[in-house]
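What follows is the content of target.tsv (TSV, C-alpha atoms).
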```
chain	number	residue	atom	x	y	z
A	1	THR	CA	-4.86	7.20	-4.35
A	2	CYS	CA	-3.72	3.63	-3.78
A	3	ALA	CA	-7.02	1.84	-3.89
A	4	THR	CA	-7.36	-1.59	-5.44
A	5	THR	CA	-10.25	-2.58	-7.68
A	6	GLU	CA	-11.90	-5.94	-8.38
A	7	THR	CA	-8.76	-7.38	-10.01
A	8	ARG	CA	-6.05	-9.79	-8.95
A	9	ARG	CA	-4.91	-7.20	-6.37
A	10	ALA	CA	-8.45	-6.94	-5.00
A	11	ARG	CA	-8.58	-10.68	-4.59
A	12	GLU	CA	-5.27	-10.52	-2.73
A	13	ILE	CA	-6.80	-7.96	-0.36
A	14	LYS	CA	-9.81	-10.16	0.24
A	15	SER	CA	-7.60	-13.18	0.86
A	16	SER	CA	-5.28	-11.29	3.16
A	17	ALA	CA	-8.14	-9.88	5.19
A	18	MET	CA	-9.90	-13.19	5.63
A	19	GLU	CA	-6.95	-15.48	6.28
A	20	PRO	CA	-4.82	-15.66	9.42
A	21	MET	CA	-1.51	-13.86	9.05
A	22	PRO	CA	1.48	-15.64	10.60
A	23	VAL	CA	3.67	-12.54	10.64
A	24	PRO	CA	6.21	-11.90	13.42
A	25	ASN	CA	5.92	-8.70	15.42
A	26	PRO	CA	7.84	-6.08	13.46
A	27	SER	CA	10.33	-3.64	14.85
A	28	GLU	CA	8.88	-0.55	16.47
A	29	SER	CA	10.06	1.63	13.60
A	30	LEU	CA	12.44	1.62	10.70
A	31	THR	CA	15.60	3.65	11.09
A	32	ARG	CA	16.34	6.55	8.80
A	33	GLU	CA	18.99	4.43	7.13
A	34	ASP	CA	16.45	1.63	6.55
A	35	ARG	CA	14.08	4.10	4.94
A	36	ARG	CA	16.83	5.52	2.76
A	37	THR	CA	17.83	2.02	1.66
A	38	LEU	CA	14.25	1.17	0.60
A	39	LEU	CA	13.76	4.43	-1.28
A	40	GLN	CA	17.08	4.05	-3.07
A	41	ARG	CA	16.17	0.47	-3.89
A	42	ALA	CA	12.87	1.60	-5.43
A	43	HIS	CA	14.64	4.16	-7.62
A	44	ARG	CA	17.19	1.56	-8.75
A	45	VAL	CA	14.38	-0.85	-9.65
A	46	VAL	CA	12.66	1.73	-11.85
A	47	ALA	CA	15.90	2.79	-13.54
A	48	HIS	CA	16.78	-0.86	-14.20
A	49	GLY	CA	13.31	-1.51	-15.62
A	50	CYS	CA	13.56	1.48	-17.94
A	51	GLU	CA	16.93	0.31	-19.27
A	52	PHE	CA	16.45	-3.46	-19.45
A	53	SER	CA	12.64	-4.00	-19.33
A	54	THR	CA	13.08	-6.50	-16.49
A	55	SER	CA	12.81	-6.44	-12.71
A	56	LEU	CA	15.94	-6.08	-10.62
A	57	THR	CA	17.04	-9.27	-8.87
A	58	ILE	CA	17.51	-9.27	-5.12
A	59	ALA	CA	19.39	-11.17	-2.40
A	60	PRO	CA	17.61	-10.38	0.89
A	61	SER	CA	20.54	-11.73	2.92
A	62	GLU	CA	22.59	-8.72	1.82
A	63	PHE	CA	20.29	-6.32	3.70
A	64	ASP	CA	19.91	-5.42	7.38
A	65	PRO	CA	17.71	-7.66	9.57
A	66	ALA	CA	14.86	-5.13	9.75
A	67	LEU	CA	14.54	-5.22	5.97
A	68	ARG	CA	14.49	-9.02	5.93
A	69	GLU	CA	11.41	-9.21	8.18
A	70	ARG	CA	8.18	-10.27	6.50
A	71	ARG	CA	6.27	-7.02	6.03
A	72	ALA	CA	3.57	-5.82	3.68
A	73	ALA	CA	4.12	-2.63	1.72
A	74	PHE	CA	2.77	-0.31	-0.96
A	75	VAL	CA	4.94	1.71	-3.33
A	76	SER	CA	3.73	4.89	-5.06
A	77	HIS	CA	5.48	6.73	-7.87
A	78	TYR	CA	5.03	10.40	-8.75
A	79	VAL	CA	6.33	12.34	-11.73
A	80	ASP	CA	5.96	16.12	-11.58
A	81	GLU	CA	3.94	15.62	-8.37
A	82	LYS	CA	1.33	13.52	-10.20
A	83	LEU	CA	0.64	9.89	-9.31
A	84	ARG	CA	2.05	7.55	-11.96
A	85	GLY	CA	1.56	4.19	-10.28
A	86	CYS	CA	0.76	2.55	-6.98
A	87	THR	CA	0.64	-1.15	-6.10
A	88	GLY	CA	1.07	-3.12	-2.92
A	89	GLU	CA	-0.08	-5.94	-0.70
A	90	ILE	CA	-1.99	-6.07	2.57
A	91	ARG	CA	-0.71	-9.49	3.58
A	92	ALA	CA	2.99	-9.92	4.33
A	93	ARG	CA	4.12	-12.44	1.71
A	94	ARG	CA	7.87	-11.82	1.59
A	95	SER	CA	10.63	-9.80	3.20
A	96	LEU	CA	10.17	-6.03	3.27
A	97	VAL	CA	12.99	-5.37	0.83
A	98	GLU	CA	11.54	-7.97	-1.55
A	99	ALA	CA	8.07	-6.41	-1.26
A	100	VAL	CA	9.42	-2.95	-2.06
A	101	THR	CA	11.45	-4.32	-4.97
A	102	TYR	CA	8.44	-6.14	-6.40
A	103	HIS	CA	6.00	-3.25	-6.08
A	104	ALA	CA	8.47	-0.59	-7.19
A	105	HIS	CA	8.60	-2.42	-10.51
A	106	SER	CA	4.89	-3.20	-10.59
A	107	ALA	CA	3.86	0.38	-9.83
A	108	ALA	CA	6.23	1.78	-12.46
A	109	PHE	CA	5.41	-0.55	-15.32
A	110	LEU	CA	2.34	-2.71	-14.58
A	111	ASP	CA	-0.28	-0.39	-13.06
A	112	GLY	CA	-2.77	-0.31	-15.92
A	113	ARG	CA	-4.21	3.04	-14.84
A	114	PHE	CA	-1.05	4.85	-15.97
A	115	PRO	CA	1.48	4.71	-18.82
A	116	PRO	CA	4.79	3.06	-17.88
A	117	ILE	CA	7.45	5.38	-16.52
A	118	GLN	CA	10.00	6.35	-19.18
A	119	GLN	CA	13.76	6.79	-18.79
A	120	ARG	CA	13.50	10.51	-19.58
A	121	GLU	CA	11.24	10.89	-16.51
A	122	LEU	CA	13.64	9.36	-13.97
A	123	ALA	CA	15.11	12.70	-12.89
A	124	ARG	CA	11.60	13.87	-11.92
A	125	LEU	CA	10.55	10.64	-10.21
A	126	LYS	CA	9.54	10.76	-6.54
A	127	VAL	CA	8.83	7.64	-4.51
A	128	THR	CA	6.65	7.00	-1.46
A	129	VAL	CA	6.83	3.74	0.50
A	130	CYS	CA	4.13	2.70	2.93
A	131	VAL	CA	4.96	-0.20	5.29
A	132	LEU	CA	1.89	-1.86	6.80
A	133	GLU	CA	1.12	-3.57	10.08
A	134	PRO	CA	-1.13	-6.67	9.95
A	135	PRO	CA	-4.85	-5.81	9.65
A	136	GLU	CA	-7.08	-6.20	12.70
A	137	PRO	CA	-10.85	-6.86	12.44
A	138	ILE	CA	-13.22	-4.13	13.56
A	139	THR	CA	-16.31	-5.26	15.49
A	140	PHE	CA	-19.28	-2.96	14.91
A	141	SER	CA	-23.07	-3.12	15.24
A	142	ASP	CA	-23.87	-0.99	12.18
A	143	GLU	CA	-22.16	1.41	9.82
A	144	GLN	CA	-22.69	4.36	12.12
A	145	ASP	CA	-20.84	2.44	14.83
A	146	LEU	CA	-18.06	1.71	12.32
A	147	LEU	CA	-17.77	5.40	11.47
A	148	THR	CA	-17.39	6.37	15.12
A	149	GLN	CA	-14.54	3.87	15.51
A	150	LEU	CA	-12.49	5.09	12.54
A	151	ARG	CA	-9.45	7.19	13.43
A	152	PRO	CA	-8.78	9.83	10.75
A	153	ASN	CA	-5.15	10.13	9.62
A	154	ILE	CA	-4.30	6.93	11.51
A	155	ASP	CA	-6.28	3.98	10.17
A	156	GLY	CA	-5.92	2.24	6.85
A	157	LEU	CA	-9.21	0.49	6.11
A	158	ILE	CA	-10.25	-2.69	4.30
A	159	ILE	CA	-13.91	-3.45	3.63
A	160	GLU	CA	-15.45	-6.58	2.17
A	161	SER	CA	-18.97	-7.71	1.24
A	162	GLY	CA	-20.30	-10.29	-1.17
A	163	GLY	CA	-16.88	-11.12	-2.60
A	164	ARG	CA	-15.98	-7.48	-3.28
A	165	SER	CA	-13.25	-5.70	-1.35
A	166	ALA	CA	-11.08	-2.60	-1.41
A	167	THR	CA	-8.64	-0.72	0.77
A	168	PHE	CA	-7.58	2.85	1.42
A	169	LEU	CA	-4.17	3.58	2.91
A	170	PRO	CA	-4.02	6.06	5.80
A	171	GLN	CA	-2.66	8.71	3.41
A	172	VAL	CA	-6.11	8.90	1.74
A	173	TRP	CA	-7.45	10.73	4.81
A	174	ALA	CA	-5.62	13.82	3.50
A	175	SER	CA	-8.09	14.07	0.62
A	176	LEU	CA	-11.11	12.52	2.39
A	177	PRO	CA	-10.90	13.81	5.98
A	178	SER	CA	-14.42	12.91	7.13
A	179	PRO	CA	-15.15	9.27	8.08
A	180	GLN	CA	-18.42	9.38	6.11
A	181	ASN	CA	-16.69	10.41	2.87
A	182	PHE	CA	-13.76	8.06	3.51
A	183	LEU	CA	-16.07	5.05	3.88
A	184	GLY	CA	-18.38	6.18	1.07
A	185	HIS	CA	-15.56	6.50	-1.45
A	186	LEU	CA	-14.09	3.18	-0.35
A	187	LYS	CA	-17.46	1.46	-0.88
A	188	ARG	CA	-17.60	3.00	-4.34
A	189	LYS	CA	-14.10	1.70	-5.12
A	190	ALA	CA	-15.20	-1.78	-4.04
A	191	GLY	CA	-18.30	-1.56	-6.23
A	192	LEU	CA	-20.61	-1.65	-3.21
A	193	ALA	CA	-23.88	0.20	-2.65
A	194	GLN	CA	-23.80	3.44	-0.68
A	195	SER	CA	-26.77	2.27	1.40
A	196	HIS	CA	-26.43	0.17	4.54
A	197	ILE	CA	-24.82	-3.22	3.83
A	198	PRO	CA	-25.84	-5.85	6.41
A	199	ASP	CA	-22.89	-8.21	5.83
A	200	LEU	CA	-20.18	-5.54	5.59
A	201	GLN	CA	-16.90	-6.53	7.23
A	202	ALA	CA	-14.02	-4.21	8.01
A	203	TRP	CA	-10.38	-4.36	9.10
A	204	ARG	CA	-8.02	-1.56	10.12
A	205	TYR	CA	-4.26	-1.36	9.91
A	206	LEU	CA	-1.50	1.07	10.76
A	207	ALA	CA	1.16	2.13	8.29
A	208	GLU	CA	4.54	3.82	8.34
A	209	GLU	CA	4.89	6.11	5.34
A	210	PHE	CA	8.02	7.84	4.10
A	211	HIS	CA	9.11	9.79	1.03
A	212	ASP	CA	12.23	10.82	-0.84
A	213	ARG	CA	12.29	14.08	1.06
A	214	ASP	CA	12.47	12.17	4.37
A	215	ALA	CA	15.62	10.25	3.42
```
Just give me the structure of the file as C-alpha cells.
Amino acid sequence: TCATTETRRAREIKSSAMEPMPVPNPSESLTREDRRTLLQRAHRVVAHGCEFSTSLTIAPSEFDPALRERRAAFVSHYVDEKLRGCTGEIRARRSLVEAVTYHAHSAAFLDGRFPPIQQRELARLKVTVCVLEPPEPITFSDEQDLLTQLRPNIDGLIIESGGRSATFLPQVWASLPSPQNFLGHLKRKAGLAQSHIPDLQAWRYLAEEFHDRDA
C-alpha cells in the first residue's frame, strides 16, 4: 500500500495537512485522454530512468490545461502484479504532469522498500496514478466518532499526533474494509499507539485513481 512512514515524505504529509493549501478548484474529472497522457508519461519516465539513470525533463506548457493545474498525486508501479514502488504528495506543489513525472521516477528508483525497476522488467510494468483533492479536516469528539464519519472506499485519510503522521489512499479500503482496521493499521504506520489518543487529528481527501487498463 502507499503509506508513508516517519521520513521526509511523512514530514511532507504533516506539513501539507497542517498548512493552508492555496490550490485552485480542479476540473470535475480528467478526460480519458488526460489519463492516457499521464500513464504514458509515467511509463516514459521509467524507461528513460532505466536507460540513462536520470529523470526525464518536462515542459508543462506543452500539455493540456487540465494537466497544468496544480494537483497532488501518487504514482504506484507494479511488476507481475506485485507492488514495486509508490510515492506521492498530499499537498499540491506543482502541476499535475510535473507531479506524475516526479513520482513516476521516485517510485521506480527511490522507494527504499523495493529494488529499483530494471530495464528487463519494463514489458511487465503496470502503472497506477492517483490524483488527490485537497485534504479537509475532520471534526470529531473521540475516535469512535471519527470511525462513524469515515466513508469506506471513498475517503483517503491522514492522521497526526505528537509530530507523527501517515496517510492511506482510498485504494487501501480494498484490503482493510472496516473503519476500525483501516484506522488501526494507519495508526501503526504512523508509529502511534492503538489506544485512544487525545490529541489525534485527522483529515480526509478524495482521489481519482486510474490504471493502464483504463487508458
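One distance worth recording is that between CA of Leu125 (chain A) and CA of Val79 (chain A), which is 4.8 Å.
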Two-atom distance - CA of Val127 (chain A), CA of Pro177 (chain A) (Å):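 Those two atoms sit 23.2 Å apart.
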Pick from A:Leu132, A:Leu183, A:Ala166, A:Ile58 nearest to Leu206 (chain A), counting only C-alpha atoms: A:Leu132
Gap from CA of Thr128 (chain A) to CA of Leu147 (chain A) - Å, one decimal: 27.7 Å
Given all atoms listed in the file as the counted atoms, nearest of A:Ser61, A:Arg70, A:Tyr205, A:Phe114 to Leu83 (chain A):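 For Leu83 (chain A), the nearest of the candidates is A:Phe114.
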8 Å contact set for Thr148 (chain A), only C-alpha atoms, chain neighbours under 3 positions out, as a list in words: Gln144, Asp145 and Pro179 of chain A
Residue nearest Thr101 (chain A) among A:Arg35, A:Arg84, A:Arg113, A:Arg44 (counting all atoms listed in the file): A:Arg44
Given all atoms listed in the file as the counted atoms, nearest of A:Glu98, A:Glu143, A:Asp111, A:Glu208 to Val45 (chain A):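 The shortest atom-to-atom distance to Val45 (chain A) comes from A:Glu98.
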Go through region 142-209 of chain A and flag each residue having an atom no more than 12 Å from region 89-93 of chain A; for those, report the closest pair of atoms plus their distance in Å to one decimal, using all atoms listed in the file, ordered by chain and rising number, as a tab-separated table.
```
residue	atom	partner	partner_atom	distance
A:Gly156	CA	A:Ile90	CA	10.1
A:Leu157	CA	A:Ile90	CA	10.4
A:Ile158	CA	A:Ile90	CA	9.1
A:Ser165	CA	A:Ile90	CA	11.9
A:Ala166	CA	A:Ile90	CA	10.5
A:Thr167	CA	A:Ile90	CA	8.7
A:Phe168	CA	A:Ile90	CA	10.6
A:Leu169	CA	A:Ile90	CA	9.9
A:Trp203	CA	A:Ile90	CA	10.8
A:Arg204	CA	A:Ile90	CA	10.7
A:Tyr205	CA	A:Ile90	CA	9.0
A:Leu206	CA	A:Ile90	CA	10.9
A:Ala207	CA	A:Ile90	CA	10.5
```
Protein/DNA/RNA residues near (10.1, 5.4, -16.2), cut 8 Å, all atoms listed in the file, as a list in words: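 The distance filter leaves exactly Val46, Ala47, Gly49, Cys50, Ala108, Phe109, Pro116, Ile117, Gln118, Gln119, Arg120, Glu121, Leu122 and Leu125 of chain A.
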With 5 Å added on each side, what axis-aligned box encloses every listed atom of region 31-49 of chain A? Give the centre and edge lengths in Å to one decimal, as lines of an AutoDock Vina configuration file.
```
center_x = 15.8
center_y = 2.5
center_z = -2.3
size_x = 16.3
size_y = 18.1
size_z = 36.7
```
